[in-house]
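Engineer: Just protein26.cif, nothing more (mmCIF, C-alpha atoms and all ligand atoms):
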```cif
data_data
#
loop_
_atom_site.label_atom_id
_atom_site.label_comp_id
_atom_site.auth_asym_id
_atom_site.auth_seq_id
_atom_site.Cartn_x
_atom_site.Cartn_y
_atom_site.Cartn_z
CA MET A 16 -48.68 -262.05 203.78
CA GLY A 17 -50.55 -265.05 202.39
CA ASN A 18 -47.66 -266.59 200.56
CA ASN A 19 -46.21 -270.01 200.20
CA MET A 20 -43.04 -270.20 198.16
CA ALA A 21 -44.17 -273.11 196.05
CA SER A 22 -47.43 -271.49 195.05
CA SER A 23 -47.69 -269.22 192.08
CA THR A 24 -50.06 -266.69 193.62
CA ILE A 25 -49.10 -264.27 196.35
CA SER A 26 -51.09 -261.60 198.14
CA ILE A 27 -49.57 -258.53 199.71
CA GLN A 28 -50.94 -255.37 201.25
CA ARG A 29 -51.61 -252.96 198.39
CA PRO A 30 -48.32 -251.25 197.43
CA ASP A 31 -47.54 -247.56 196.91
CA ASP A 32 -45.22 -246.02 194.32
CA TRP A 33 -42.95 -243.48 195.98
CA HIS A 34 -41.72 -241.88 192.71
CA VAL A 35 -43.80 -241.28 189.57
CA HIS A 36 -43.95 -238.79 186.70
CA PHE A 37 -47.51 -238.31 185.45
CA ARG A 38 -46.80 -235.36 183.10
CA ASP A 39 -49.89 -233.44 182.00
CA GLY A 40 -52.61 -233.22 179.34
CA GLU A 41 -53.22 -236.25 177.10
CA MET A 42 -50.13 -237.99 178.41
CA LEU A 43 -51.43 -237.74 181.99
CA THR A 44 -54.84 -239.07 180.98
CA THR A 45 -53.19 -242.08 179.36
CA VAL A 46 -50.63 -243.00 182.01
CA VAL A 47 -52.42 -242.37 185.34
CA PRO A 48 -54.67 -245.49 185.16
CA PHE A 49 -51.66 -247.84 184.94
CA THR A 50 -50.40 -246.57 188.28
CA ALA A 51 -53.83 -246.15 189.87
CA THR A 52 -54.92 -249.73 189.19
CA ARG A 53 -51.84 -251.18 190.89
CA PHE A 54 -50.89 -248.76 193.64
CA ALA A 55 -52.92 -247.11 196.40
CA ARG A 56 -50.84 -243.94 196.52
CA ALA A 57 -47.96 -242.37 194.64
CA ILE A 58 -45.52 -239.58 195.26
CA VAL A 59 -45.99 -237.37 192.20
CA MET A 60 -42.92 -235.59 190.85
CA PRO A 61 -43.33 -231.84 190.29
CA ASN A 62 -41.07 -231.45 187.21
CA LEU A 63 -43.65 -230.03 184.85
CA ASP A 64 -42.71 -227.05 182.75
CA PRO A 65 -43.12 -224.72 184.59
CA PRO A 66 -42.67 -226.84 187.73
CA ILE A 67 -45.10 -227.16 190.65
CA THR A 68 -43.90 -224.64 193.23
CA THR A 69 -47.09 -223.29 194.79
CA ILE A 70 -50.02 -224.66 196.79
CA ARG A 71 -52.33 -223.41 194.07
CA SER A 72 -50.54 -225.17 191.21
CA ALA A 73 -50.21 -228.39 193.25
CA LYS A 74 -53.94 -228.43 194.02
CA ALA A 75 -54.83 -227.82 190.38
CA TYR A 76 -52.42 -230.56 189.25
CA ARG A 77 -53.88 -232.97 191.82
CA GLU A 78 -57.36 -232.23 190.42
CA ARG A 79 -56.19 -233.05 186.89
CA ILE A 80 -54.77 -236.37 188.14
CA LEU A 81 -58.02 -237.20 189.97
CA MET A 82 -59.97 -236.47 186.79
CA ALA A 83 -57.90 -239.10 184.97
CA LEU A 84 -58.64 -241.89 187.47
CA PRO A 85 -60.64 -244.92 186.44
CA LYS A 86 -64.20 -245.07 187.86
CA ASN A 87 -64.39 -245.98 191.57
CA SER A 88 -60.64 -245.67 192.03
CA ASN A 89 -59.47 -244.75 195.55
CA PHE A 90 -55.99 -243.84 194.36
CA ILE A 91 -54.38 -240.94 196.24
CA PRO A 92 -51.79 -238.74 194.53
CA LEU A 93 -49.30 -237.32 197.04
CA MET A 94 -48.03 -234.01 195.73
CA THR A 95 -44.51 -232.61 195.95
CA CYS A 96 -43.05 -229.13 195.64
CA TYR A 97 -40.19 -228.39 193.25
CA LEU A 98 -37.37 -226.61 195.06
CA THR A 99 -35.92 -223.52 193.40
CA ASP A 100 -33.25 -220.99 194.42
CA ASP A 101 -35.94 -218.47 195.35
CA ALA A 102 -38.37 -220.94 196.91
CA ASP A 103 -41.09 -219.41 199.07
CA ILE A 104 -40.46 -221.43 202.21
CA ASP A 105 -43.55 -220.09 204.02
CA GLU A 106 -45.63 -221.40 201.13
CA ILE A 107 -43.89 -224.79 201.26
CA ILE A 108 -44.39 -225.20 205.01
CA GLU A 109 -48.01 -224.03 204.76
CA GLY A 110 -48.54 -226.59 201.96
CA TYR A 111 -47.11 -229.33 204.15
CA ARG A 112 -49.12 -228.27 207.20
CA THR A 113 -52.36 -228.30 205.21
CA GLY A 114 -51.67 -231.67 203.55
CA VAL A 115 -51.20 -230.35 200.01
CA PHE A 116 -47.48 -231.14 199.83
CA SER A 117 -46.08 -234.43 201.13
CA ALA A 118 -42.46 -233.57 200.40
CA VAL A 119 -40.03 -231.27 198.60
CA LYS A 120 -38.11 -232.43 195.53
CA PHE A 121 -34.58 -231.17 195.12
CA TYR A 122 -33.15 -231.30 191.58
CA PRO A 123 -29.72 -229.82 191.06
CA ALA A 124 -30.13 -227.36 188.14
CA GLY A 125 -29.60 -229.20 184.85
CA ALA A 126 -29.55 -232.72 186.32
CA THR A 127 -32.40 -234.19 184.29
CA THR A 128 -35.71 -233.61 182.43
CA ASN A 129 -37.17 -230.15 183.19
CA SER A 130 -34.59 -229.38 185.86
CA SER A 131 -33.53 -226.01 184.47
CA TYR A 132 -35.45 -224.38 187.33
CA GLY A 133 -33.49 -226.46 189.86
CA VAL A 134 -31.17 -225.32 192.60
CA THR A 135 -27.90 -223.74 191.45
CA GLU A 136 -26.16 -223.52 194.82
CA LEU A 137 -26.77 -225.49 197.96
CA LYS A 138 -26.51 -222.48 200.24
CA ASN A 139 -29.53 -220.94 198.50
CA VAL A 140 -31.81 -223.57 200.03
CA PHE A 141 -30.28 -224.03 203.48
CA SER A 142 -32.94 -221.88 205.12
CA ALA A 143 -35.60 -224.06 203.46
CA PHE A 144 -33.95 -227.22 204.82
CA GLU A 145 -33.92 -225.68 208.28
CA ARG A 146 -37.66 -225.05 208.27
CA MET A 147 -38.42 -228.47 206.75
CA GLN A 148 -36.33 -230.10 209.45
CA GLU A 149 -38.34 -228.27 212.13
CA VAL A 150 -41.69 -229.57 210.84
CA GLY A 151 -40.50 -233.04 209.70
CA MET A 152 -41.15 -232.45 206.00
CA PRO A 153 -39.19 -234.97 203.84
CA LEU A 154 -36.60 -233.84 201.29
CA LEU A 155 -36.41 -236.02 198.16
CA VAL A 156 -33.14 -235.67 196.30
CA HIS A 157 -32.19 -236.38 192.73
CA GLY A 158 -28.76 -237.60 193.77
CA GLU A 159 -26.48 -236.63 190.91
CA VAL A 160 -24.01 -233.78 190.58
CA THR A 161 -24.25 -231.75 187.40
CA ASP A 162 -20.57 -230.76 187.18
CA PRO A 163 -19.81 -231.39 183.47
CA GLU A 164 -16.31 -232.55 184.44
CA VAL A 165 -17.74 -235.51 186.34
CA ASP A 166 -18.23 -238.69 184.31
CA VAL A 167 -21.94 -239.48 183.92
CA PHE A 168 -21.44 -242.90 185.54
CA ASP A 169 -19.84 -241.29 188.63
CA ARG A 170 -22.38 -238.56 189.26
CA GLU A 171 -24.26 -240.40 191.99
CA VAL A 172 -21.16 -241.36 193.96
CA VAL A 173 -19.76 -237.84 193.71
CA TYR A 174 -23.14 -236.47 194.85
CA ILE A 175 -22.95 -238.54 198.03
CA GLU A 176 -19.47 -237.19 198.76
CA ARG A 177 -19.99 -233.57 197.78
CA VAL A 178 -23.64 -232.88 198.57
CA LEU A 179 -25.53 -235.52 200.49
CA LYS A 180 -23.03 -235.87 203.35
CA LEU A 181 -23.02 -232.12 203.72
CA ILE A 182 -26.81 -231.86 203.95
CA ILE A 183 -27.01 -234.74 206.42
CA ASP A 184 -24.33 -233.28 208.65
CA ALA A 185 -25.77 -229.77 208.56
CA PHE A 186 -29.36 -230.94 209.18
CA PRO A 187 -29.16 -233.99 211.43
CA GLU A 188 -32.95 -234.27 211.86
CA LEU A 189 -34.00 -233.66 208.25
CA LYS A 190 -35.77 -236.65 206.67
CA ILE A 191 -34.16 -237.44 203.31
CA VAL A 192 -34.97 -239.88 200.50
CA MET A 193 -32.25 -240.51 197.97
CA GLU A 194 -34.34 -241.23 194.89
CA HIS A 195 -33.75 -244.02 192.36
CA ILE A 196 -30.36 -245.20 193.66
CA THR A 197 -28.15 -247.00 191.14
CA THR A 198 -24.89 -247.89 192.89
CA LYS A 199 -23.50 -250.19 195.57
CA ASP A 200 -21.98 -247.04 197.07
CA ALA A 201 -25.47 -245.60 197.59
CA VAL A 202 -26.74 -248.87 199.05
CA ASP A 203 -23.85 -249.00 201.54
CA PHE A 204 -24.19 -245.33 202.42
CA ILE A 205 -27.97 -245.44 202.99
CA ARG A 206 -27.71 -248.63 205.00
CA ALA A 207 -24.96 -247.26 207.25
CA ARG A 208 -26.63 -243.90 207.85
CA SER A 209 -30.01 -245.41 208.52
CA LEU A 210 -28.47 -247.70 211.14
CA GLU A 211 -27.09 -244.62 212.89
CA ALA A 212 -30.41 -242.79 212.73
CA PRO A 213 -33.29 -245.14 211.87
CA GLY A 214 -36.19 -243.63 209.94
CA ARG A 215 -34.24 -240.59 208.92
CA ILE A 216 -32.79 -241.59 205.57
CA GLY A 217 -34.26 -243.85 202.90
CA ALA A 218 -33.91 -244.68 199.23
CA THR A 219 -36.20 -245.68 196.40
CA ILE A 220 -35.16 -248.34 193.90
CA THR A 221 -36.68 -248.66 190.42
CA ALA A 222 -37.64 -251.92 188.71
CA HIS A 223 -35.46 -251.12 185.72
CA HIS A 224 -32.32 -250.63 187.80
CA LEU A 225 -32.95 -254.10 189.25
CA MET A 226 -33.26 -255.54 185.73
CA ILE A 227 -30.68 -253.81 183.52
CA ASN A 228 -27.04 -252.82 183.68
CA ARG A 229 -25.17 -250.33 181.52
CA THR A 230 -24.16 -252.96 178.96
CA ASP A 231 -27.83 -253.62 178.25
CA ILE A 232 -28.15 -250.04 177.00
CA PHE A 233 -25.76 -250.95 174.16
CA ARG A 234 -26.69 -254.58 173.53
CA GLY A 235 -26.71 -255.08 169.76
CA GLY A 236 -26.99 -251.32 169.20
CA ILE A 237 -28.03 -248.25 171.14
CA ARG A 238 -31.27 -248.73 173.10
CA PRO A 239 -32.80 -245.33 173.72
CA HIS A 240 -35.67 -246.78 175.73
CA LEU A 241 -33.22 -248.01 178.37
CA TYR A 242 -31.76 -244.54 178.82
CA CYS A 243 -32.72 -242.82 182.04
CA LEU A 244 -31.11 -240.76 184.76
CA PRO A 245 -29.37 -241.79 186.85
CA ILE A 246 -28.06 -244.04 184.09
CA ALA A 247 -27.81 -247.79 184.79
CA LYS A 248 -24.38 -248.80 186.11
CA ARG A 249 -22.17 -251.92 186.00
CA GLU A 250 -23.50 -255.38 186.79
CA GLY A 251 -22.00 -255.35 190.30
CA HIS A 252 -24.11 -252.33 191.16
CA ARG A 253 -27.26 -253.96 189.82
CA LEU A 254 -26.57 -256.98 192.03
CA ALA A 255 -26.08 -254.72 195.07
CA LEU A 256 -29.44 -253.06 194.36
CA ARG A 257 -31.13 -256.45 194.10
CA GLU A 258 -29.62 -257.45 197.42
CA ALA A 259 -30.80 -254.21 199.06
CA ALA A 260 -34.36 -254.35 197.71
CA THR A 261 -34.85 -258.02 198.50
CA SER A 262 -33.38 -257.63 202.00
CA GLY A 263 -36.70 -256.10 203.01
CA GLN A 264 -34.74 -253.67 205.20
CA SER A 265 -36.58 -250.53 206.21
CA PRO A 266 -34.65 -247.78 204.35
CA PHE A 267 -35.29 -249.35 200.92
CA PHE A 268 -38.65 -248.95 199.23
CA LEU A 269 -40.42 -249.07 195.89
CA GLY A 270 -40.28 -246.08 193.54
CA THR A 271 -40.69 -246.87 189.85
CA ASP A 272 -39.58 -243.50 188.46
CA THR A 273 -41.97 -244.24 185.60
CA ALA A 274 -41.13 -241.36 183.26
CA PRO A 275 -43.07 -241.38 179.98
CA HIS A 276 -41.77 -239.55 176.92
CA ALA A 277 -43.17 -239.87 173.38
CA LYS A 278 -41.32 -242.55 171.39
CA THR A 279 -40.32 -239.98 168.78
CA ILE A 280 -38.53 -237.91 171.43
CA LYS A 281 -36.68 -240.93 172.83
CA GLU A 282 -35.67 -242.14 169.36
CA SER A 283 -33.79 -239.08 168.22
CA SER A 284 -30.25 -237.84 167.62
CA CYS A 285 -30.46 -236.48 171.17
CA GLY A 286 -32.90 -238.77 172.97
CA CYS A 287 -34.15 -237.72 176.38
CA ALA A 288 -33.85 -239.59 179.67
CA GLY A 289 -36.73 -241.52 181.21
CA ILE A 290 -38.20 -245.03 181.18
CA PHE A 291 -41.96 -245.56 181.11
CA SER A 292 -42.61 -248.53 183.38
CA ALA A 293 -46.02 -247.98 184.98
CA PRO A 294 -47.70 -250.85 183.04
CA THR A 295 -45.01 -253.41 183.98
CA ALA A 296 -42.95 -252.29 186.97
CA LEU A 297 -44.88 -254.06 189.73
CA GLU A 298 -44.82 -257.27 187.69
CA MET A 299 -41.05 -256.81 187.19
CA TYR A 300 -40.40 -256.28 190.91
CA ALA A 301 -42.28 -259.54 191.59
CA GLN A 302 -40.10 -261.29 189.02
CA VAL A 303 -36.92 -259.95 190.64
CA PHE A 304 -37.99 -260.99 194.15
CA ASP A 305 -39.00 -264.40 192.76
CA GLU A 306 -35.62 -264.82 191.03
CA GLU A 307 -33.88 -263.93 194.29
CA ASN A 308 -36.07 -266.37 196.27
CA ALA A 309 -37.30 -263.42 198.30
CA LEU A 310 -41.03 -263.19 197.52
CA ASP A 311 -41.59 -263.08 201.28
CA LYS A 312 -39.77 -259.70 201.32
CA LEU A 313 -41.77 -258.08 198.51
CA GLU A 314 -44.45 -256.77 200.84
CA ALA A 315 -41.92 -254.96 203.06
CA PHE A 316 -40.29 -253.31 200.06
CA ALA A 317 -43.48 -252.49 198.14
CA SER A 318 -46.07 -251.83 200.81
CA ILE A 319 -44.62 -251.29 204.29
CA ASN A 320 -41.23 -249.55 204.36
CA GLY A 321 -42.45 -246.53 202.36
CA PRO A 322 -45.48 -245.61 204.49
CA ILE A 323 -43.49 -246.10 207.67
CA PHE A 324 -40.81 -243.75 206.41
CA TYR A 325 -43.38 -241.12 205.40
CA GLY A 326 -45.32 -241.55 208.66
CA LEU A 327 -48.45 -242.83 206.87
CA ASP A 328 -50.64 -245.86 207.48
CA VAL A 329 -49.97 -249.06 205.59
CA ASN A 330 -52.79 -249.73 203.09
CA GLN A 331 -55.55 -251.98 204.35
CA SER A 332 -56.61 -253.73 201.14
CA GLU A 333 -54.58 -256.45 199.44
CA ILE A 334 -53.56 -257.25 195.90
CA LYS A 335 -52.73 -260.59 194.37
CA LEU A 336 -49.94 -261.37 191.96
CA HIS A 337 -49.87 -264.54 189.91
CA ARG A 338 -46.92 -266.21 188.21
CA THR A 339 -48.22 -266.70 184.69
CA ALA A 340 -46.88 -265.78 181.28
CA ARG A 341 -48.49 -262.74 179.71
CA PHE A 342 -47.40 -260.95 176.56
CA CYS A 343 -46.98 -257.20 177.02
CA PRO A 344 -47.33 -254.98 173.95
CA GLU A 345 -44.23 -252.98 173.12
CA THR A 346 -46.00 -249.65 172.99
CA ILE A 347 -49.19 -248.01 174.08
CA GLU A 348 -50.82 -245.04 172.46
CA THR A 349 -51.79 -241.82 174.21
CA SER A 350 -55.26 -240.40 173.67
CA ASN A 351 -53.83 -238.01 171.08
CA GLY A 352 -52.05 -240.70 169.09
CA GLU A 353 -48.51 -240.53 170.47
CA GLU A 354 -46.71 -243.80 171.07
CA LEU A 355 -45.08 -244.64 174.39
CA HIS A 356 -42.55 -247.43 174.66
CA VAL A 357 -43.23 -249.65 177.68
CA PHE A 358 -40.34 -250.99 179.77
CA GLY A 359 -40.25 -254.75 179.21
CA GLY A 360 -42.82 -254.41 176.44
CA GLY A 361 -42.70 -256.59 173.33
CA LYS A 362 -41.88 -259.57 175.55
CA THR A 363 -43.53 -262.04 177.85
CA LEU A 364 -43.86 -261.00 181.48
CA VAL A 365 -43.53 -263.67 184.13
CA TRP A 366 -45.90 -262.18 186.72
CA LYS A 367 -49.34 -260.70 186.43
CA VAL A 368 -51.33 -258.46 188.77
CA LEU A 369 -54.75 -260.01 189.30
C1 LIG A 401 -37.15 -238.19 184.66
C2 LIG A 401 -38.14 -237.46 183.76
O1 LIG A 401 -38.18 -237.79 182.57
O2 LIG A 401 -38.89 -236.62 184.25
N1 LIG A 401 -36.20 -238.86 183.85
C3 LIG A 401 -35.44 -239.92 184.20
O3 LIG A 401 -34.59 -240.33 183.42
N2 LIG A 401 -35.60 -240.53 185.36
C4 LIG A 401 -36.54 -237.22 185.59
C5 LIG A 401 -35.81 -237.87 186.70
O4 LIG A 401 -36.41 -238.47 187.61
O5 LIG A 401 -34.58 -237.78 186.70
ZN ZN A 402 -37.94 -239.30 188.42
#
```
Show me this structure written as structure tokens.
Ligand code: NCD
Ligand code: ZN
Structural biologist:
Amino acid sequence: MGNNMASSTISIQRPDDWHVHFRDGEMLTTVVPFTATRFARAIVMPNLDPPITTIRSAKAYRERILMALPKNSNFIPLMTCYLTDDADIDEIIEGYRTGVFSAVKFYPAGATTNSSYGVTELKNVFSAFERMQEVGMPLLVHGEVTDPEVDVFDREVVYIERVLKLIIDAFPELKIVMEHITTKDAVDFIRARSLEAPGRIGATITAHHLMINRTDIFRGGIRPHLYCLPIAKREGHRLALREAATSGQSPFFLGTDTAPHAKTIKESSCGCAGIFSAPTALEMYAQVFDEENALDKLEAFASINGPIFYGLDVNQSEIKLHRTARFCPETIETSNGEELHVFGGGKTLVWKVL
């Protein structure tokens, strides 16, 4: 990496985003370019309504994403399959073998946006895990239990205890990514397990979970645009996430979980979960690594650890980031006139992608 700590410009191999929501229709058309101009590839979440569960629907969705790319873009969307109780495992494996699916996404039923089709009981998908393990297909988990008795701030930790440990023990060769981790418990768990079996378990970390804690959601009033799932936790957890990301260690990699919802749906008596960060996340990661004096680790986190985990090549081209103040508008408008609130919008960003 061409980087000297005193300088205000750094270059890194072009990063990938290992967790994005592109939605569909006008929303997709509006949001895809923000990701495609920064990242070379992205793992695309399948939680449309109805979700992506077949090779045919994944191919058609991929085409719609490609149609929304800026001219001359080389961006590659990596498609995922939404796991359901009655998943067609032959279809999933065939999709992986033919390069249509890069991974399977496992949402517990009811965990988050459009997860009503998710898995109701773990045993229903054990045969799928077995086949995925055989072929090396990664399992991406939304790591929260949905038991209504469990406090919303404890759902990740309880998931590790009740679900993740069980899957790992039952399928010792299955590759697993715990998505958008939010706790020190998850950091410690992922780190320990990946030491035991390197390259087998990883975790994505969002920019917003590196920037905000749960108090920020209520600072001066309720802040619906800081509400996402898993919800941000206490400050100590945020600090543990910053330590993990900026360690540059191999199991931790970049996944923004950019999750656009119309402003009117976020600002409601029952606002939905999701933070739209595609226009600012990479800039925010740079800021975090800068604040932690770890700009030399940004490339590992953003551009190297992810492809190595997924068994893909690291991108060949480079991007440059420059430390310079830039005002970011609070909202952007979709092509059909809906407003989207941008994470970190309405303020000055410290870093800029050149
Ligand atoms: C995501 C969404 O809106 O699709 N929401 C979120 O809060 N992160 C779903 C998800 O990844 O949980
Ligand atoms: Zn997500």
Engineer: I'd like the contact shell of A:Ser88 - 10 Å cut-off, all atoms listed in the file, skipping same-chain residues fewer than 5 positions apart - returned as a compact mmCIF listing (two decimals) with C-alpha atoms, in the coordinates of the input.
Structural biologist:
```
# COMPACT_ATOMS: atom_id res chain seq x y z
CA PRO A 48 -54.67 -245.49 185.16
CA ALA A 51 -53.83 -246.15 189.87
CA THR A 52 -54.92 -249.73 189.19
CA ALA A 55 -52.92 -247.11 196.40
CA LEU A 81 -58.02 -237.20 189.97
```
Engineer: Give the residues close to ligand LIG 401 (chain A), within 10 Å, counting all atoms listed in the file; write them as JSON, numbers by chain.
Structural biologist: {"A": [34, 35, 36, 37, 38, 60, 61, 62, 63, 122, 126, 127, 128, 129, 130, 156, 157, 158, 159, 194, 195, 221, 241, 242, 243, 244, 245, 246, 271, 272, 273, 274, 275, 276, 287, 288, 289, 290, 291]}
Engineer: Between atom CA of A:Ile191 and atom CA of A:Glu298, what is the distance, to one decimal in Å?
Structural biologist: 27.4 Å
Engineer: In terms of the shortest atom-to-atom distance over only C-alpha atoms and all ligand atoms, which of A:Phe49, A:Phe116, A:Phe121, A:Tyr111 is closest to ligand ZN 402 (chain A)?
Structural biologist: A:Phe121
Engineer: Need the shell around stretch 327-334 of chain A: protein/DNA/RNA residues with any atom at most 6 Å away, counting all atoms listed in the file. Skip same-chain ones fewer than 6 positions apart. Format as a list in words?
Structural biologist: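 Final neighbour list, sorted by chain and number: Ser26, Ile27, Gln28, Arg29 and Ile319 of chain A.
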Engineer: Please report the interatomic distance between atom CA of A:Ala124 and atom CA of A:Pro163 in Å with one decimal.
Structural biologist: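 That distance, rounded to one decimal, is 12.0 Å.
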Engineer: I want to know what sits within 9 Å of stretch 350-363 of chain A, based on only C-alpha atoms, with residues of the same chain fewer than 6 positions away left out; could you give that as number ranges by chain?
Structural biologist: A: 41-42, 44-45, 223, 240-241, 275-279, 281, 290-296, 299, 340-344
Engineer: Point out the residue among A:Glu171, A:Ile58, A:Met226, A:Phe90 with the least atom-to-atom distance to ligand ZN 402 (chain A), counting only C-alpha atoms and all ligand atoms.
Structural biologist: A:Ile58
Engineer: Which polymer residues have any atom within 12 Å of an atom of A:Arg112, counting all atoms listed in the file, with same-chain residues fewer than 4 positions away left out, as JSON, numbers by chain?
Structural biologist: {"A": [70, 105, 106, 107, 108, 116, 117, 118, 146, 147, 149, 150, 151, 152]}
Engineer: Create the file for the chosen residues now, containing C-alpha atoms and written as an mmCIF file, in the coordinates of the input.
Structural biologist:
```
data_model
loop_
_atom_site.group_PDB
_atom_site.id
_atom_site.type_symbol
_atom_site.label_atom_id
_atom_site.label_comp_id
_atom_site.auth_asym_id
_atom_site.auth_seq_id
_atom_site.Cartn_x
_atom_site.Cartn_y
_atom_site.Cartn_z
ATOM 1 C CA ILE A 70 -50.020 -224.660 196.790
ATOM 2 C CA ASP A 105 -43.550 -220.090 204.020
ATOM 3 C CA GLU A 106 -45.630 -221.400 201.130
ATOM 4 C CA ILE A 107 -43.890 -224.790 201.260
ATOM 5 C CA ILE A 108 -44.390 -225.200 205.010
ATOM 6 C CA PHE A 116 -47.480 -231.140 199.830
ATOM 7 C CA SER A 117 -46.080 -234.430 201.130
ATOM 8 C CA ALA A 118 -42.460 -233.570 200.400
ATOM 9 C CA ARG A 146 -37.660 -225.050 208.270
ATOM 10 C CA MET A 147 -38.420 -228.470 206.750
ATOM 11 C CA GLU A 149 -38.340 -228.270 212.130
ATOM 12 C CA VAL A 150 -41.690 -229.570 210.840
ATOM 13 C CA GLY A 151 -40.500 -233.040 209.700
ATOM 14 C CA MET A 152 -41.150 -232.450 206.000
#
```
Engineer: Using all atoms listed in the file, which protein or nucleic acid residues come within 6 Å of stretch 320-326 of chain A? Drop anything in the same chain fewer than 6 positions from it, and give the result as a PyMOL selection string.
Structural biologist: chain A and resi 214+265+268
Engineer: Separation of atom CA of A:Asp166 and atom CA of A:Leu137, in Å?
Structural biologist: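 According to the coordinates, atom CA of A:Asp166 and atom CA of A:Leu137 are separated by 20.8 Å.
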Engineer: My list of candidates is A:Arg206, A:Lys120, A:Lys335, A:Arg71. Which is closest to ligand ZN 402 (chain A) when distances are computed with only C-alpha atoms and all ligand atoms?
Structural biologist: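 The shortest atom-to-atom distance to ligand ZN 402 (chain A) comes from A:Lys120.
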Engineer: Calculated over all atoms listed in the file, which of the candidates A:Thr113, A:Thr50, A:Thr161, A:Thr219 has the smallest distance to ligand ZN 402 (chain A)?
Structural biologist: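 Result for the nearest residue to ligand ZN 402 (chain A): A:Thr219.
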Engineer: Since fewer atoms than expected are present, regenerate N, CA, C and O atoms for stretch 85-97 of chain A and write them as a compact mmCIF listing (two decimals), in the coordinates of the input.
Structural biologist:
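File written: result09.txt
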```
# COMPACT_ATOMS: atom_id res chain seq x y z
N PRO A 85 -59.55 -244.04 186.84
CA PRO A 85 -60.64 -244.92 186.44
C PRO A 85 -61.80 -244.79 187.43
O PRO A 85 -61.58 -244.40 188.59
N LYS A 86 -63.01 -245.14 187.00
CA LYS A 86 -64.20 -245.07 187.86
C LYS A 86 -63.98 -245.85 189.16
O LYS A 86 -63.38 -246.93 189.13
N ASN A 87 -64.45 -245.31 190.26
CA ASN A 87 -64.39 -245.98 191.57
C ASN A 87 -62.98 -246.18 192.11
O ASN A 87 -62.76 -246.95 193.03
N SER A 88 -62.01 -245.54 191.53
CA SER A 88 -60.64 -245.67 192.03
C SER A 88 -60.49 -244.87 193.32
O SER A 88 -61.00 -243.76 193.45
N ASN A 89 -59.76 -245.46 194.29
CA ASN A 89 -59.47 -244.75 195.55
C ASN A 89 -58.05 -244.22 195.58
O ASN A 89 -57.54 -243.87 196.64
N PHE A 90 -57.41 -244.23 194.44
CA PHE A 90 -55.99 -243.84 194.36
C PHE A 90 -55.77 -242.42 194.90
O PHE A 90 -56.55 -241.50 194.62
N ILE A 91 -54.70 -242.26 195.67
CA ILE A 91 -54.38 -240.94 196.24
C ILE A 91 -53.04 -240.43 195.71
O ILE A 91 -52.00 -241.04 195.99
N PRO A 92 -53.05 -239.34 194.95
CA PRO A 92 -51.79 -238.74 194.53
C PRO A 92 -51.22 -237.88 195.66
O PRO A 92 -51.94 -237.06 196.23
N LEU A 93 -49.96 -238.11 196.00
CA LEU A 93 -49.30 -237.32 197.04
C LEU A 93 -48.40 -236.32 196.33
O LEU A 93 -47.49 -236.71 195.60
N MET A 94 -48.67 -235.04 196.54
CA MET A 94 -48.03 -234.01 195.73
C MET A 94 -46.70 -233.55 196.36
O MET A 94 -46.52 -233.59 197.58
N THR A 95 -45.81 -233.12 195.48
CA THR A 95 -44.51 -232.61 195.95
C THR A 95 -44.27 -231.21 195.39
O THR A 95 -44.88 -230.82 194.39
N CYS A 96 -43.38 -230.49 196.05
CA CYS A 96 -43.05 -229.13 195.64
C CYS A 96 -41.64 -229.11 195.07
O CYS A 96 -40.70 -229.66 195.66
N TYR A 97 -41.49 -228.48 193.94
CA TYR A 97 -40.19 -228.39 193.25
C TYR A 97 -39.38 -227.26 193.90
O TYR A 97 -39.84 -226.12 193.97
```
